[in-house]
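> One file: data_25.cif (mmCIF, C-alpha atoms and all ligand atoms).
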data_entry
loop_
_atom_site.label_atom_id
_atom_site.label_comp_id
_atom_site.auth_asym_id
_atom_site.auth_seq_id
_atom_site.Cartn_x
_atom_site.Cartn_y
_atom_site.Cartn_z
CA MET X 1315 9.06 3.94 4.50
CA ALA X 1316 6.86 3.62 1.43
CA LYS X 1317 8.05 1.17 -1.17
CA PRO X 1318 9.21 2.51 -4.53
CA LEU X 1319 6.58 2.36 -7.21
CA LEU X 1320 6.55 3.31 -10.87
CA ALA X 1321 3.29 3.72 -12.78
CA GLY X 1322 2.75 4.13 -16.51
CA ASN X 1323 -0.40 5.92 -17.69
CA TRP X 1324 -0.87 5.02 -21.35
CA LYS X 1325 -3.94 7.27 -21.69
CA MET X 1326 -5.87 6.86 -24.97
CA HIS X 1327 -2.98 5.46 -27.00
CA GLY X 1328 -2.15 2.27 -28.83
CA THR X 1329 -3.59 -0.61 -30.82
CA VAL X 1330 -3.92 -4.25 -29.80
CA GLU X 1331 -0.68 -4.97 -31.61
CA SER X 1332 1.35 -2.02 -30.27
CA VAL X 1333 0.14 -2.63 -26.72
CA ARG X 1334 1.00 -6.33 -26.96
CA LEU X 1335 4.51 -5.40 -28.09
CA LEU X 1336 4.96 -2.76 -25.38
CA ALA X 1337 3.75 -5.07 -22.59
CA GLY X 1338 5.96 -7.86 -23.93
CA SER X 1339 9.06 -5.63 -24.00
CA LEU X 1340 8.37 -4.38 -20.49
CA SER X 1341 7.79 -7.87 -19.17
CA ALA X 1342 11.09 -9.07 -20.65
CA GLY X 1343 12.94 -5.90 -19.61
CA PHE X 1344 11.82 -6.02 -15.99
CA GLY X 1345 12.56 -9.71 -15.87
CA SER X 1346 16.21 -9.02 -16.62
CA LEU X 1347 16.67 -6.23 -14.05
CA VAL X 1348 18.38 -7.36 -10.86
CA SER X 1349 16.06 -5.28 -8.75
CA ALA X 1350 13.09 -3.29 -9.92
CA PRO X 1351 10.45 -1.15 -8.23
CA GLU X 1352 6.85 -2.32 -8.17
CA ILE X 1353 5.32 -1.50 -11.56
CA LEU X 1354 1.75 -0.46 -12.32
CA LEU X 1355 0.48 -0.20 -15.88
CA PHE X 1356 -2.65 1.71 -16.88
CA PRO X 1357 -3.57 0.86 -20.47
CA SER X 1358 -6.82 1.94 -22.09
CA LEU X 1359 -9.74 -0.10 -20.80
CA VAL X 1360 -10.11 -2.25 -23.92
CA HIS X 1361 -6.42 -3.14 -23.87
CA ILE X 1362 -6.33 -4.35 -20.27
CA PRO X 1363 -6.99 -8.04 -21.14
CA VAL X 1364 -4.27 -7.89 -23.82
CA VAL X 1365 -1.74 -6.56 -21.32
CA LEU X 1366 -2.75 -9.05 -18.63
CA GLU X 1367 -2.38 -11.90 -21.11
CA GLN X 1368 1.04 -10.65 -22.15
CA LEU X 1369 2.25 -10.39 -18.55
CA GLN X 1370 0.85 -13.81 -17.61
CA GLY X 1371 0.77 -13.11 -13.90
CA LYS X 1372 4.36 -11.89 -13.82
CA SER X 1373 5.07 -10.83 -10.25
CA GLY X 1374 5.88 -7.21 -9.54
CA ILE X 1375 3.81 -5.80 -12.42
CA SER X 1376 0.15 -4.97 -11.84
CA VAL X 1377 -2.47 -3.61 -14.17
CA GLY X 1378 -5.13 -1.01 -13.49
CA ALA X 1379 -7.71 1.18 -15.20
CA GLN X 1380 -7.59 4.93 -15.77
CA ASN X 1381 -11.05 5.57 -14.37
CA CYS X 1382 -14.14 3.90 -12.90
CA SER X 1383 -17.72 4.82 -12.07
CA GLN X 1384 -18.63 6.05 -8.62
CA HIS X 1385 -21.74 3.85 -8.80
CA LEU X 1386 -21.80 0.16 -7.95
CA GLN X 1387 -23.92 -0.89 -10.94
CA GLY X 1388 -27.01 0.11 -12.86
CA ALA X 1389 -28.23 2.16 -15.80
CA PHE X 1390 -25.10 4.22 -16.48
CA THR X 1391 -24.45 3.82 -20.19
CA GLY X 1392 -20.79 3.90 -21.11
CA GLU X 1393 -19.53 3.57 -17.56
CA VAL X 1394 -17.44 0.78 -16.04
CA SER X 1395 -17.78 -0.31 -12.43
CA ALA X 1396 -14.95 -0.98 -10.01
CA GLN X 1397 -16.24 -4.53 -9.57
CA MET X 1398 -15.99 -5.12 -13.35
CA LEU X 1399 -12.35 -4.03 -13.18
CA VAL X 1400 -11.65 -6.50 -10.39
CA ASP X 1401 -13.45 -9.16 -12.39
CA ILE X 1402 -11.11 -8.78 -15.39
CA GLY X 1403 -7.99 -8.80 -13.23
CA CYS X 1404 -7.26 -5.18 -12.32
CA SER X 1405 -5.75 -4.40 -8.94
CA HIS X 1406 -5.56 -0.60 -9.17
CA VAL X 1407 -7.46 2.36 -10.61
CA LEU X 1408 -6.56 6.02 -11.19
CA VAL X 1409 -9.04 8.43 -9.64
CA GLY X 1410 -9.15 12.17 -10.11
CA HIS X 1411 -6.59 12.44 -12.88
CA SER X 1412 -6.45 16.10 -13.86
CA GLU X 1413 -7.62 15.29 -17.39
CA ARG X 1414 -10.80 13.82 -15.86
CA ARG X 1415 -11.22 16.77 -13.52
CA ARG X 1416 -10.60 19.34 -16.27
CA LEU X 1417 -12.14 17.77 -19.39
CA TYR X 1418 -14.98 15.84 -17.74
CA ALA X 1419 -15.69 18.25 -14.90
CA GLU X 1420 -15.10 15.69 -12.14
CA THR X 1421 -15.44 17.42 -8.78
CA ASN X 1422 -13.58 16.68 -5.55
CA LYS X 1423 -16.80 15.10 -4.28
CA GLN X 1424 -17.16 12.75 -7.26
CA VAL X 1425 -13.49 11.82 -7.04
CA ALA X 1426 -14.00 10.98 -3.37
CA GLN X 1427 -16.99 8.79 -4.24
CA LYS X 1428 -14.97 6.99 -6.92
CA PHE X 1429 -12.19 6.45 -4.42
CA ALA X 1430 -14.64 4.94 -1.92
CA THR X 1431 -16.30 2.71 -4.52
CA ALA X 1432 -12.93 1.51 -5.81
CA GLN X 1433 -11.68 0.67 -2.33
CA GLY X 1434 -14.97 -1.02 -1.50
CA ALA X 1435 -14.52 -3.29 -4.51
CA GLY X 1436 -11.00 -4.20 -3.43
CA LEU X 1437 -9.06 -1.98 -5.83
CA ILE X 1438 -6.17 0.22 -4.73
CA PRO X 1439 -6.92 3.78 -5.84
CA ILE X 1440 -4.19 6.07 -7.14
CA LEU X 1441 -5.54 9.46 -6.11
CA CYS X 1442 -4.24 12.18 -8.42
CA VAL X 1443 -4.00 15.71 -7.05
CA GLY X 1444 -2.41 18.91 -8.25
CA GLU X 1445 -2.81 22.60 -8.91
CA THR X 1446 -3.26 24.57 -12.13
CA LEU X 1447 -0.75 27.19 -13.21
CA THR X 1448 -3.04 30.00 -12.06
CA GLU X 1449 -3.44 28.41 -8.66
CA ARG X 1450 0.34 28.06 -8.32
CA GLN X 1451 0.87 31.67 -9.37
CA LYS X 1452 -1.63 32.78 -6.74
CA GLY X 1453 0.25 30.81 -4.08
CA GLN X 1454 -2.64 28.37 -3.60
CA THR X 1455 -0.79 25.12 -4.40
CA VAL X 1456 -0.73 23.62 -0.93
CA ASP X 1457 -4.35 24.64 -0.18
CA VAL X 1458 -5.65 23.12 -3.42
CA VAL X 1459 -3.85 19.83 -2.84
CA ARG X 1460 -4.94 19.72 0.80
CA GLN X 1461 -8.58 20.23 -0.22
CA GLN X 1462 -8.38 17.48 -2.84
CA ILE X 1463 -7.10 15.04 -0.23
CA ALA X 1464 -9.44 16.28 2.51
CA ALA X 1465 -12.46 15.68 0.24
CA VAL X 1466 -11.50 12.00 0.07
CA ALA X 1467 -10.73 11.78 3.78
CA GLU X 1468 -14.17 13.21 4.52
CA VAL X 1469 -15.81 10.28 2.76
CA VAL X 1470 -13.54 7.35 3.66
CA GLY X 1471 -11.61 8.66 6.67
CA ILE X 1472 -7.93 9.47 6.81
CA GLU X 1473 -6.95 5.84 7.61
CA ASN X 1474 -8.46 4.61 4.34
CA THR X 1475 -7.08 7.58 2.42
CA CYS X 1476 -3.66 6.35 3.52
CA LEU X 1477 -4.39 2.84 2.17
CA ALA X 1478 -3.88 4.05 -1.37
CA VAL X 1479 -1.28 5.71 -3.55
CA ILE X 1480 -1.25 9.49 -3.95
CA ALA X 1481 0.14 11.06 -7.10
CA TYR X 1482 1.03 14.74 -7.05
CA GLU X 1483 0.67 15.95 -10.62
CA PRO X 1484 0.81 19.70 -11.16
CA VAL X 1485 -1.63 20.31 -14.01
CA TRP X 1486 0.77 22.70 -15.75
CA ALA X 1487 3.42 19.97 -15.94
CA ILE X 1488 1.29 17.23 -17.50
CA GLY X 1489 2.10 16.51 -21.12
CA THR X 1490 3.71 19.92 -21.47
CA GLY X 1491 7.38 18.99 -21.21
CA GLU X 1492 7.54 21.25 -18.17
CA THR X 1493 8.38 19.60 -14.87
CA ALA X 1494 8.13 20.85 -11.32
CA THR X 1495 11.65 21.34 -10.01
CA PRO X 1496 12.67 18.62 -7.55
CA GLN X 1497 12.38 21.26 -4.79
CA GLN X 1498 8.87 22.31 -5.83
CA ALA X 1499 7.75 18.68 -5.94
CA GLN X 1500 9.41 17.81 -2.63
CA GLU X 1501 7.73 20.76 -0.93
CA VAL X 1502 4.25 19.54 -1.91
CA HIS X 1503 5.09 15.90 -1.15
CA ALA X 1504 6.29 16.84 2.33
CA ASP X 1505 3.05 18.72 2.91
CA ILE X 1506 0.98 15.73 1.77
CA ARG X 1507 2.98 13.48 4.10
CA ALA X 1508 2.29 15.88 6.96
CA GLN X 1509 -1.43 15.97 6.13
CA LEU X 1510 -1.62 12.15 6.16
CA GLY X 1511 0.04 12.07 9.57
CA HIS X 1512 1.59 8.99 11.13
CA GLN X 1513 -0.81 6.69 9.27
CA GLY X 1514 0.62 7.85 5.96
CA ILE X 1515 4.24 6.94 6.60
CA SER X 1516 4.08 4.03 4.17
CA THR X 1517 1.64 5.56 1.66
CA PRO X 1518 3.51 5.78 -1.66
CA LEU X 1519 3.63 9.37 -2.94
CA LEU X 1520 4.30 9.58 -6.67
CA TYR X 1521 5.29 12.60 -8.69
CA GLY X 1522 3.81 12.97 -12.18
CA GLY X 1523 4.13 15.58 -14.90
CA SER X 1524 6.57 15.17 -17.81
CA VAL X 1525 8.79 12.67 -15.98
CA ASN X 1526 11.37 11.27 -18.37
CA ALA X 1527 14.75 9.54 -18.32
CA ASN X 1528 16.53 12.92 -18.10
CA ASN X 1529 14.77 14.38 -15.08
CA ALA X 1530 13.75 11.25 -13.12
CA ASN X 1531 16.96 10.91 -11.12
CA ALA X 1532 16.78 14.36 -9.53
CA LEU X 1533 13.08 13.94 -8.69
CA PHE X 1534 13.55 10.48 -7.16
CA ALA X 1535 16.43 11.78 -5.06
CA GLN X 1536 13.91 13.75 -3.00
CA PRO X 1537 13.07 12.12 0.35
CA ASP X 1538 9.27 12.26 0.03
CA ILE X 1539 9.06 11.21 -3.62
CA ASP X 1540 8.56 7.44 -3.63
CA GLY X 1541 8.15 7.00 -7.36
CA GLY X 1542 6.54 8.35 -10.49
CA LEU X 1543 3.34 8.38 -12.51
CA VAL X 1544 4.61 8.61 -16.07
CA GLY X 1545 2.53 9.44 -19.13
CA GLY X 1546 4.27 10.05 -22.46
CA ALA X 1547 7.59 8.45 -21.52
CA SER X 1548 5.85 5.24 -20.39
CA LEU X 1549 4.90 4.49 -24.00
CA GLU X 1550 8.56 3.81 -24.84
CA ALA X 1551 9.70 0.56 -23.24
CA GLN X 1552 13.38 1.46 -23.01
CA GLN X 1553 12.76 4.87 -21.52
CA PHE X 1554 10.30 3.49 -18.95
CA LEU X 1555 12.88 0.82 -18.01
CA ASP X 1556 15.54 3.54 -17.65
CA ILE X 1557 13.25 5.50 -15.34
CA ALA X 1558 12.63 2.35 -13.27
CA GLN X 1559 16.37 1.78 -13.05
CA GLN X 1560 16.89 5.34 -11.78
CA LEU X 1561 14.18 4.84 -9.17
CA THR X 1562 15.87 1.68 -7.92
CA GLU X 1563 19.20 3.46 -7.68
CA GLN X 1564 17.73 6.30 -5.64
CA LYS X 1565 15.63 4.29 -3.18
P1 LIG C 1 3.03 13.07 -18.75
O1 LIG C 1 1.65 12.57 -18.08
O2 LIG C 1 4.13 12.24 -18.14
O3 LIG C 1 2.86 12.81 -20.21
O4 LIG C 1 3.17 14.52 -18.42
C1 LIG C 1 1.58 12.25 -16.71
C2 LIG C 1 0.17 11.89 -16.35
O5 LIG C 1 -0.78 12.45 -16.92
O6 LIG C 1 -0.07 11.03 -15.47
#
Taking this structure as input, can you express it in the form of structure tokens?
Ligand code: PGA

Amino acid sequence: MAKPLLAGNWKMHGTVESVRLLAGSLSAGFGSLVSAPEILLFPSLVHIPVVLEQLQGKSGISVGAQNCSQHLQGAFTGEVSAQMLVDIGCSHVLVGHSERRRLYAETNKQVAQKFATAQGAGLIPILCVGETLTERQKGQTVDVVRQQIAAVAEVVGIENTCLAVIAYEPVWAIGTGETATPQQAQEVHADIRAQLGHQGISTPLLYGGSVNANNANALFAQPDIDGGLVGGASLEAQQFLDIAQQLTEQK
């Protein structure tokens, strides 16, 4: 069984002060829970040191970046390498988030290269996959997700693909207030689990896309949903703690 995991993607939000407060509230909140899932926080790059300082090595809460370069180092103005992330204390990195695929034209191949570079540097990648609304309407959901995962497996092999976290995030459900129904999400998660095979039994599979304190319970009740990747609702400490509590109750 994969262990329960809850990730917060803070995207391009916050100030030094607001992020300090949020990390402080989460640190205190999780400290007072009897049992909590493993927590991953993804602040904006410049806020990572602030969050790490606020958490002061608190166990059970890790910090990662929302993106990294596929290159090791060199003349790539504006980019950040996986090694630099390790150097400042990150343990995880998101790769292939749909906003990166859609707004910055990241291809399956580039995402696979980022995944490989991240793993090579010692980071745990959170591979984000998911279909657009048009693809779902055309009945292509499972094929699209399979291709996104296969592209990574082609570069690093299926064994290394399994040594990561996979987040199923239907593009039409991200930041829209629309969520996949628990059945729709479970169907895709079960297919991902099948694609990973026996090596993927303990690979955490997260659902993402408008997860909040009202819909989390029903999603986490699904057998192949091991946790969540939460955007908007992770910016409110109390709501994120509520979602974590629901995950603990379900798993
Ligand atoms: P959302 O974002 O929860 O705001 O829909 C999820 C994500 O983009 O990871």
> Hey, what's within 12 Å of stretch 1469-1477 of chain X if we count only C-alpha atoms and toss same-chain stuff fewer than 2 positions away? As a compact mmCIF listing (two decimals) with C-alpha atoms, in the frame of the given file, please?

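Result saved to part_38.txt:
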# COMPACT_ATOMS: atom_id res chain seq x y z
CA ALA X 1316 6.86 3.62 1.43
CA HIS X 1406 -5.56 -0.60 -9.17
CA ASN X 1422 -13.58 16.68 -5.55
CA LYS X 1423 -16.80 15.10 -4.28
CA GLN X 1424 -17.16 12.75 -7.26
CA VAL X 1425 -13.49 11.82 -7.04
CA ALA X 1426 -14.00 10.98 -3.37
CA GLN X 1427 -16.99 8.79 -4.24
CA LYS X 1428 -14.97 6.99 -6.92
CA PHE X 1429 -12.19 6.45 -4.42
CA ALA X 1430 -14.64 4.94 -1.92
CA THR X 1431 -16.30 2.71 -4.52
CA ALA X 1432 -12.93 1.51 -5.81
CA GLN X 1433 -11.68 0.67 -2.33
CA GLY X 1434 -14.97 -1.02 -1.50
CA GLY X 1436 -11.00 -4.20 -3.43
CA LEU X 1437 -9.06 -1.98 -5.83
CA ILE X 1438 -6.17 0.22 -4.73
CA PRO X 1439 -6.92 3.78 -5.84
CA ILE X 1440 -4.19 6.07 -7.14
CA LEU X 1441 -5.54 9.46 -6.11
CA GLN X 1462 -8.38 17.48 -2.84
CA ILE X 1463 -7.10 15.04 -0.23
CA ALA X 1464 -9.44 16.28 2.51
CA ALA X 1465 -12.46 15.68 0.24
CA VAL X 1466 -11.50 12.00 0.07
CA ALA X 1467 -10.73 11.78 3.78
CA VAL X 1479 -1.28 5.71 -3.55
CA ILE X 1480 -1.25 9.49 -3.95
CA ILE X 1506 0.98 15.73 1.77
CA ARG X 1507 2.98 13.48 4.10
CA ALA X 1508 2.29 15.88 6.96
CA GLN X 1509 -1.43 15.97 6.13
CA LEU X 1510 -1.62 12.15 6.16
CA GLY X 1511 0.04 12.07 9.57
CA HIS X 1512 1.59 8.99 11.13
CA GLN X 1513 -0.81 6.69 9.27
CA GLY X 1514 0.62 7.85 5.96
CA ILE X 1515 4.24 6.94 6.60
CA SER X 1516 4.08 4.03 4.17
CA THR X 1517 1.64 5.56 1.66
CA PRO X 1518 3.51 5.78 -1.66
CA LEU X 1519 3.63 9.37 -2.94
> Separation of atom P1 of ligand LIG 1 (chain C) and atom CA of X:Phe1390, in Å?
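So the answer is 29.6 Å.
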> Taking only C-alpha atoms and all ligand atoms into account, list the residues no farther than 9 Å from ligand LIG 1 (chain C), as JSON, numbers by chain.
{"X": [1321, 1322, 1323, 1324, 1325, 1411, 1412, 1413, 1442, 1481, 1483, 1485, 1486, 1487, 1488, 1489, 1490, 1491, 1492, 1493, 1521, 1522, 1523, 1524, 1525, 1526, 1542, 1543, 1544, 1545, 1546, 1547, 1548]}
> Take the point (2.0, -7.1, -12.0) in the file's coordinates, draw a sphere of radius 9 Å around it, and report as a short mmCIF file (atom, residue, chain, number, x, y, z; two decimals) with C-alpha atoms, in the frame of the given file every protein, DNA or RNA residue with an atom inside or on it, counting all atoms listed in the file.

data_model
loop_
_atom_site.label_atom_id
_atom_site.label_comp_id
_atom_site.auth_asym_id
_atom_site.auth_seq_id
_atom_site.Cartn_x
_atom_site.Cartn_y
_atom_site.Cartn_z
CA GLU X 1352 6.85 -2.32 -8.17
CA ILE X 1353 5.32 -1.50 -11.56
CA LEU X 1354 1.75 -0.46 -12.32
CA LEU X 1355 0.48 -0.20 -15.88
CA LEU X 1366 -2.75 -9.05 -18.63
CA LEU X 1369 2.25 -10.39 -18.55
CA GLN X 1370 0.85 -13.81 -17.61
CA GLY X 1371 0.77 -13.11 -13.90
CA LYS X 1372 4.36 -11.89 -13.82
CA SER X 1373 5.07 -10.83 -10.25
CA GLY X 1374 5.88 -7.21 -9.54
CA ILE X 1375 3.81 -5.80 -12.42
CA SER X 1376 0.15 -4.97 -11.84
CA VAL X 1377 -2.47 -3.61 -14.17
CA SER X 1405 -5.75 -4.40 -8.94
#
> For X:Asn1381, please output as a PyMOL selection string all residues within 7 Å (counting only C-alpha atoms; exclusion window: fewer than 6 positions along the same chain).
chain X and resi 1407-1409
> Could you please determine the separation between atom CA of X:Val1364 and atom CA of X:Thr1329 in Å, to one decimal place?
10.1 Å
> Scan for residues within 12 Å of the point (3.5, -3.2, -24.5) in the coordinates of the file, using only C-alpha atoms, and reply as a VMD selection string.
chain X and resid 1322 1324 1327 to 1343 1355 to 1358 1361 to 1362 1364 to 1369 1377 1548 to 1552 1554
